[in-house]
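Accompanying notes for the structure given below.
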Amino acid sequence: MQYNDFAVHGARQPLPIQTMSETTHLHHRLTEILRDRIVDGVLGPGTPISERELCEEFGVSRTPLREALKVLESEGLIQLFRNRGAVVAPISVETIEEKLAVISALEGYAARQVCQHASDEELEELAQLHKQFAREYDPTEPERYFELHQAMHKRLLELANNPTLRDAHALLSRHVKRARIVGLKQHSRLPNVIEENAAIMRAVLARDPAAAQQAVEKHLSRVAQTVLKHFRPR
């Protein structure tokens with residue numbers, strides 16, 4: 001049996017490679033690992049991506065690595081150049097602004113659907129996620145903050161029970177995650193974030209679709225302003 005070692009934040013873990021499906025799994029795992037490195041700032045904008053070094057590090061052929069790089073290019077995280085390889089892409093203010101606006105529209109629509117169709121038990125589950133966020137909120141730990149914040153919003157999307165909506169939101173969220181975390185790291189305080197999420201919960205629990213949509217869009221508009229402020233020319 002052949003094994004390939006994956007380095008995840010410095011740790012190495014063997015994964016068995018046996019079949020074509022395992023090769024597909026390889027490129028998904030490589031995508032996740034490289035995405036995390038870019039989002040976490042380990043690989044900054046403009047950093048060259050060496051296929052040879054990565055193949056040696058992970059013990060893989062170029063085929064799954066190149067598939068992973070294509071996915072990351074589609075997410076706007078790297079740029080591929082003919083005969084020049086790949087580099088980590090810069091963060092485009094205009095592109096991030098557009099995608100955050102679409103995310104806001106998707107979440108606003110999801111909030112309306114949740115008000116109309118979610119069960120009382122599902123709404124209580126959503127409320128508990130908000131309470132956890134309020135309890136553990138710490139903007140000085142942006143990765144953890146982002147994880148807690150997204151848990152509530154991800155569940156909101158799931159409860160809308162619309163796979164197309166959920167998948168589109170998940171794709172765009174991956175595209176803007178790097179910019180959001182980088183932007184968050186520049187702010188020691190994020191005013192009103194708990195109250196903004198509380199306003200969303202009040203509207204959802206009251207099953208008021210219009211108020212829920214408005215609360216979501218107001219919150220995400222403020223999030224976008226906070227993130228984009230860091231990247232706009234001063």
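How things are named: the first chain in the structure tokens is A, the next is B, and so on; residues count from 1 in each chain; ligands count from 1 in the order shown.
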Could you list, as number ranges by chain, every residue within 6 Å of region 219-223 of chain A, counting only C-alpha atoms and ignoring same-chain residues fewer than 3 positions away?
A: 104, 196, 216, 226
Spatial neighbours of region 143-148 of chain A, 8 Å, only C-alpha atoms, chain gap at least 4 places, as a CSV table (one decimal) with C-alpha atoms, in the first residue's frame:
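Listing of out_2.csv after writing:
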chain,number,residue,atom,x,y,z
A,129,LEU,CA,-25.6,29.2,18.4
A,132,GLN,CA,-22.6,30.7,22.2
A,133,PHE,CA,-21.3,33.4,19.9
A,137,TYR,CA,-17.0,36.4,21.3
A,138,ASP,CA,-13.4,37.6,21.3
A,139,PRO,CA,-12.4,39.9,18.4
A,152,MET,CA,-24.9,30.8,13.3
A,181,ILE,CA,-10.1,37.4,8.4
Ranking A:Lys131, A:Arg35, A:Arg112, A:Arg29 by minimum distance to Pro64 (chain A) and counting only C-alpha atoms, which one comes first?
A:Arg29
Going by DSSP on the backbone, which residues of chain A come out as strand (DSSP E or B)? List them as a list in words.
Gln2, Tyr3, Asn4, Asp5, Phe6, Ala7, Val8, Ala11, Arg12, Gln13, Pro14, Leu15, Pro16, Ile17, Pro48, Ile49, Ile78, Gln79, Leu80, Phe81, Gly85, Ala86, Val87 and Val88 of chain A
Save out the residues we just selected, N, CA and C atoms, as a tab-separated table (two decimals), in the first residue's frame.
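Below is the file result16.tsv, written as the result:
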chain	number	residue	atom	x	y	z
A	2	GLN	N	0.54	2.19	-0.85
A	2	GLN	CA	1.31	3.44	-0.94
A	2	GLN	C	0.70	4.48	-0.03
A	3	TYR	N	1.53	5.29	0.62
A	3	TYR	CA	1.03	6.34	1.49
A	3	TYR	C	1.57	7.69	1.03
A	4	ASN	N	0.74	8.71	1.24
A	4	ASN	CA	1.16	10.08	0.99
A	4	ASN	C	1.02	10.86	2.28
A	5	ASP	N	2.02	11.67	2.60
A	5	ASP	CA	1.98	12.45	3.83
A	5	ASP	C	1.47	13.84	3.53
A	6	PHE	N	0.51	14.30	4.35
A	6	PHE	CA	-0.04	15.64	4.22
A	6	PHE	C	0.41	16.46	5.39
A	7	ALA	N	0.95	17.66	5.14
A	7	ALA	CA	1.34	18.55	6.22
A	7	ALA	C	0.20	19.51	6.49
A	8	VAL	N	-0.39	19.41	7.67
A	8	VAL	CA	-1.48	20.30	8.05
A	8	VAL	C	-1.02	21.11	9.24
A	11	ALA	N	1.85	19.50	11.05
A	11	ALA	CA	1.73	18.09	11.40
A	11	ALA	C	1.63	17.25	10.12
A	12	ARG	N	2.10	16.00	10.18
A	12	ARG	CA	2.04	15.12	9.01
A	12	ARG	C	1.21	13.90	9.35
A	13	GLN	N	0.32	13.55	8.44
A	13	GLN	CA	-0.51	12.38	8.69
A	13	GLN	C	-0.60	11.56	7.42
A	14	PRO	N	-0.35	10.24	7.48
A	14	PRO	CA	-0.38	9.42	6.28
A	14	PRO	C	-1.79	9.14	5.81
A	15	LEU	N	-1.98	9.22	4.49
A	15	LEU	CA	-3.27	8.86	3.90
A	15	LEU	C	-3.02	7.81	2.83
A	16	PRO	N	-3.74	6.70	2.85
A	16	PRO	CA	-3.52	5.65	1.86
A	16	PRO	C	-4.06	6.03	0.50
A	17	ILE	N	-3.29	5.76	-0.54
A	17	ILE	CA	-3.70	6.06	-1.91
A	17	ILE	C	-3.75	4.74	-2.67
A	48	PRO	N	5.16	32.99	-4.65
A	48	PRO	CA	5.16	31.97	-5.70
A	48	PRO	C	4.74	30.61	-5.15
A	49	ILE	N	4.03	29.84	-5.97
A	49	ILE	CA	3.64	28.48	-5.62
A	49	ILE	C	4.54	27.53	-6.40
A	78	ILE	N	-5.43	32.17	-6.03
A	78	ILE	CA	-4.14	32.15	-6.72
A	78	ILE	C	-4.34	32.60	-8.17
A	79	GLN	N	-3.24	32.94	-8.79
A	79	GLN	CA	-3.25	33.27	-10.22
A	79	GLN	C	-2.33	32.29	-10.92
A	80	LEU	N	-2.81	31.70	-12.02
A	80	LEU	CA	-2.02	30.77	-12.82
A	80	LEU	C	-1.56	31.47	-14.09
A	81	PHE	N	-0.26	31.35	-14.39
A	81	PHE	CA	0.30	31.98	-15.57
A	81	PHE	C	0.96	30.92	-16.45
A	85	GLY	N	4.02	29.44	-13.90
A	85	GLY	CA	3.56	28.85	-12.65
A	85	GLY	C	2.44	29.64	-12.00
A	86	ALA	N	2.40	29.58	-10.68
A	86	ALA	CA	1.31	30.19	-9.92
A	86	ALA	C	1.83	31.06	-8.80
A	87	VAL	N	1.04	32.08	-8.45
A	87	VAL	CA	1.36	32.92	-7.29
A	87	VAL	C	0.07	33.15	-6.52
A	88	VAL	N	0.20	33.46	-5.23
A	88	VAL	CA	-0.96	33.81	-4.42
A	88	VAL	C	-1.51	35.14	-4.92
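Take the candidates A:Glu125, A:Gln150, A:Ala110, A:Ala118 and check each one against Pro163 (chain A) using only C-alpha atoms; the shortest distance goes to A:Ala110.
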Given the choices A:Arg180, A:Leu157, A:Ala68, A:Ser61, which gets closest to Ile33 (chain A) if the distance is worked out from only C-alpha atoms?
A:Ala68
Can you list, as a ChimeraX atom specification, every residue of region 7-196 of chain A that DSSP puts in alpha helix (DSSP H)?
/A:20-39,51-58,62-74,93-117,120-136,142-159,163-184,193-196
Can I get the selection written as a short mmCIF file (atom, residue, chain, number, x, y, z; two decimals), in the first residue's frame, with C-alpha atoms?
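As a result, result13.cif now contains:
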data_model
loop_
_atom_site.label_atom_id
_atom_site.label_comp_id
_atom_site.auth_asym_id
_atom_site.auth_seq_id
_atom_site.Cartn_x
_atom_site.Cartn_y
_atom_site.Cartn_z
CA MET A 20 -8.83 6.70 -8.73
CA SER A 21 -11.35 7.81 -6.08
CA GLU A 22 -8.46 8.17 -3.66
CA THR A 23 -6.66 10.33 -6.23
CA THR A 24 -9.75 12.55 -6.35
CA HIS A 25 -9.68 12.67 -2.56
CA LEU A 26 -6.03 13.77 -2.81
CA HIS A 27 -6.80 16.87 -4.81
CA HIS A 28 -9.63 17.80 -2.42
CA ARG A 29 -7.30 17.48 0.56
CA LEU A 30 -4.56 19.46 -1.18
CA THR A 31 -7.12 22.16 -1.98
CA GLU A 32 -8.17 22.39 1.68
CA ILE A 33 -4.59 22.55 2.97
CA LEU A 34 -3.41 25.19 0.49
CA ARG A 35 -6.61 27.20 0.96
CA ASP A 36 -6.02 27.25 4.72
CA ARG A 37 -2.44 28.40 4.25
CA ILE A 38 -3.54 31.27 2.04
CA VAL A 39 -6.49 32.29 4.20
CA GLU A 51 4.75 22.73 -7.76
CA ARG A 52 8.01 20.81 -7.31
CA GLU A 53 8.35 21.75 -3.64
CA LEU A 54 4.71 20.98 -2.88
CA CYS A 55 4.88 17.63 -4.66
CA GLU A 56 7.93 16.75 -2.58
CA GLU A 57 6.33 17.98 0.66
CA PHE A 58 3.11 16.05 0.16
CA ARG A 62 1.62 16.92 -10.20
CA THR A 63 -1.84 15.76 -11.36
CA PRO A 64 -3.79 16.16 -8.07
CA LEU A 65 -1.78 19.27 -7.20
CA ARG A 66 -2.68 20.96 -10.48
CA GLU A 67 -6.34 20.07 -9.96
CA ALA A 68 -6.15 21.71 -6.55
CA LEU A 69 -4.53 24.82 -8.03
CA LYS A 70 -7.34 25.10 -10.59
CA VAL A 71 -9.91 25.11 -7.78
CA LEU A 72 -7.99 27.77 -5.86
CA GLU A 73 -7.75 29.87 -9.03
CA SER A 74 -11.54 29.65 -9.41
CA VAL A 93 -11.44 45.34 -3.21
CA GLU A 94 -13.91 45.53 -6.07
CA THR A 95 -14.34 41.76 -6.32
CA ILE A 96 -14.68 41.29 -2.56
CA GLU A 97 -17.23 44.10 -2.37
CA GLU A 98 -19.33 42.51 -5.11
CA LYS A 99 -19.25 39.08 -3.49
CA LEU A 100 -20.09 40.40 -0.03
CA ALA A 101 -23.11 42.17 -1.53
CA VAL A 102 -24.34 38.93 -3.07
CA ILE A 103 -23.74 37.06 0.20
CA SER A 104 -25.88 39.66 1.96
CA ALA A 105 -28.70 39.15 -0.54
CA LEU A 106 -28.51 35.36 -0.20
CA GLU A 107 -28.57 35.46 3.60
CA GLY A 108 -31.42 37.96 3.61
CA TYR A 109 -33.48 35.65 1.43
CA ALA A 110 -32.52 32.68 3.62
CA ALA A 111 -33.71 34.53 6.73
CA ARG A 112 -37.12 35.07 5.13
CA GLN A 113 -37.38 31.37 4.31
CA VAL A 114 -36.38 30.33 7.81
CA CYS A 115 -39.07 32.56 9.34
CA GLN A 116 -41.69 30.90 7.21
CA HIS A 117 -40.61 27.26 7.23
CA ASP A 120 -39.65 25.83 16.62
CA GLU A 121 -36.93 23.33 17.53
CA GLU A 122 -34.75 24.49 14.64
CA LEU A 123 -35.18 28.12 15.64
CA GLU A 124 -34.16 27.25 19.19
CA GLU A 125 -31.03 25.56 17.84
CA LEU A 126 -30.22 28.75 15.93
CA ALA A 127 -30.76 30.80 19.08
CA GLN A 128 -28.34 28.59 20.99
CA LEU A 129 -25.65 29.19 18.37
CA HIS A 130 -26.14 32.93 18.80
CA LYS A 131 -25.85 32.58 22.58
CA GLN A 132 -22.61 30.66 22.19
CA PHE A 133 -21.26 33.37 19.91
CA ALA A 134 -22.22 36.11 22.38
CA ARG A 135 -20.70 34.18 25.25
CA GLU A 136 -17.38 33.32 23.58
CA PRO A 142 -10.15 36.53 14.55
CA GLU A 143 -10.07 32.89 13.42
CA ARG A 144 -12.14 31.74 16.41
CA TYR A 145 -14.43 34.77 16.09
CA PHE A 146 -15.01 33.93 12.44
CA GLU A 147 -15.73 30.27 13.25
CA LEU A 148 -18.34 31.15 15.88
CA HIS A 149 -19.93 33.87 13.78
CA GLN A 150 -20.16 31.66 10.72
CA ALA A 151 -21.69 28.77 12.68
CA MET A 152 -24.87 30.77 13.25
CA HIS A 153 -25.01 32.12 9.71
CA LYS A 154 -24.23 28.73 8.16
CA ARG A 155 -27.06 27.14 10.13
CA LEU A 156 -29.39 29.91 8.98
CA LEU A 157 -28.58 28.95 5.39
CA GLU A 158 -29.12 25.26 6.11
CA LEU A 159 -32.52 25.88 7.68
CA PRO A 163 -29.51 23.41 -1.61
CA THR A 164 -28.88 25.81 -4.50
CA LEU A 165 -28.92 28.77 -2.14
CA ARG A 166 -26.68 26.95 0.36
CA ASP A 167 -24.12 25.92 -2.26
CA ALA A 168 -23.91 29.38 -3.83
CA HIS A 169 -23.43 30.94 -0.40
CA ALA A 170 -20.76 28.38 0.57
CA LEU A 171 -18.81 29.05 -2.61
CA LEU A 172 -18.86 32.82 -2.19
CA SER A 173 -18.01 32.52 1.50
CA ARG A 174 -14.85 30.60 0.61
CA HIS A 175 -13.95 33.34 -1.85
CA VAL A 176 -14.16 36.13 0.74
CA LYS A 177 -12.90 34.29 3.84
CA ARG A 178 -9.30 35.45 3.40
CA ALA A 179 -10.30 39.11 3.08
CA ARG A 180 -12.66 38.88 6.04
CA ILE A 181 -10.06 37.38 8.36
CA VAL A 182 -7.33 39.80 7.24
CA GLY A 183 -9.74 42.69 7.76
CA LEU A 184 -10.82 41.41 11.17
CA VAL A 193 -21.78 42.81 16.25
CA ILE A 194 -23.52 40.97 19.12
CA GLU A 195 -26.52 43.30 19.05
CA GLU A 196 -26.72 43.01 15.26
#
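In this model, the gap between CA of Gly41 (chain A) and CA of Val60 (chain A) comes to 23.6 Å.
Pairwise distance (CA of Pro45 (chain A), CA of Ala89 (chain A)) equals 5.3 Å.
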If you measure from CA of Ala199 (chain A) to CA of Ala211 (chain A), what distance in Å do you get, rounded to one decimal?
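Taking CA of Ala199 (chain A) as the start and CA of Ala211 (chain A) as the end point, the length is 8.8 Å.
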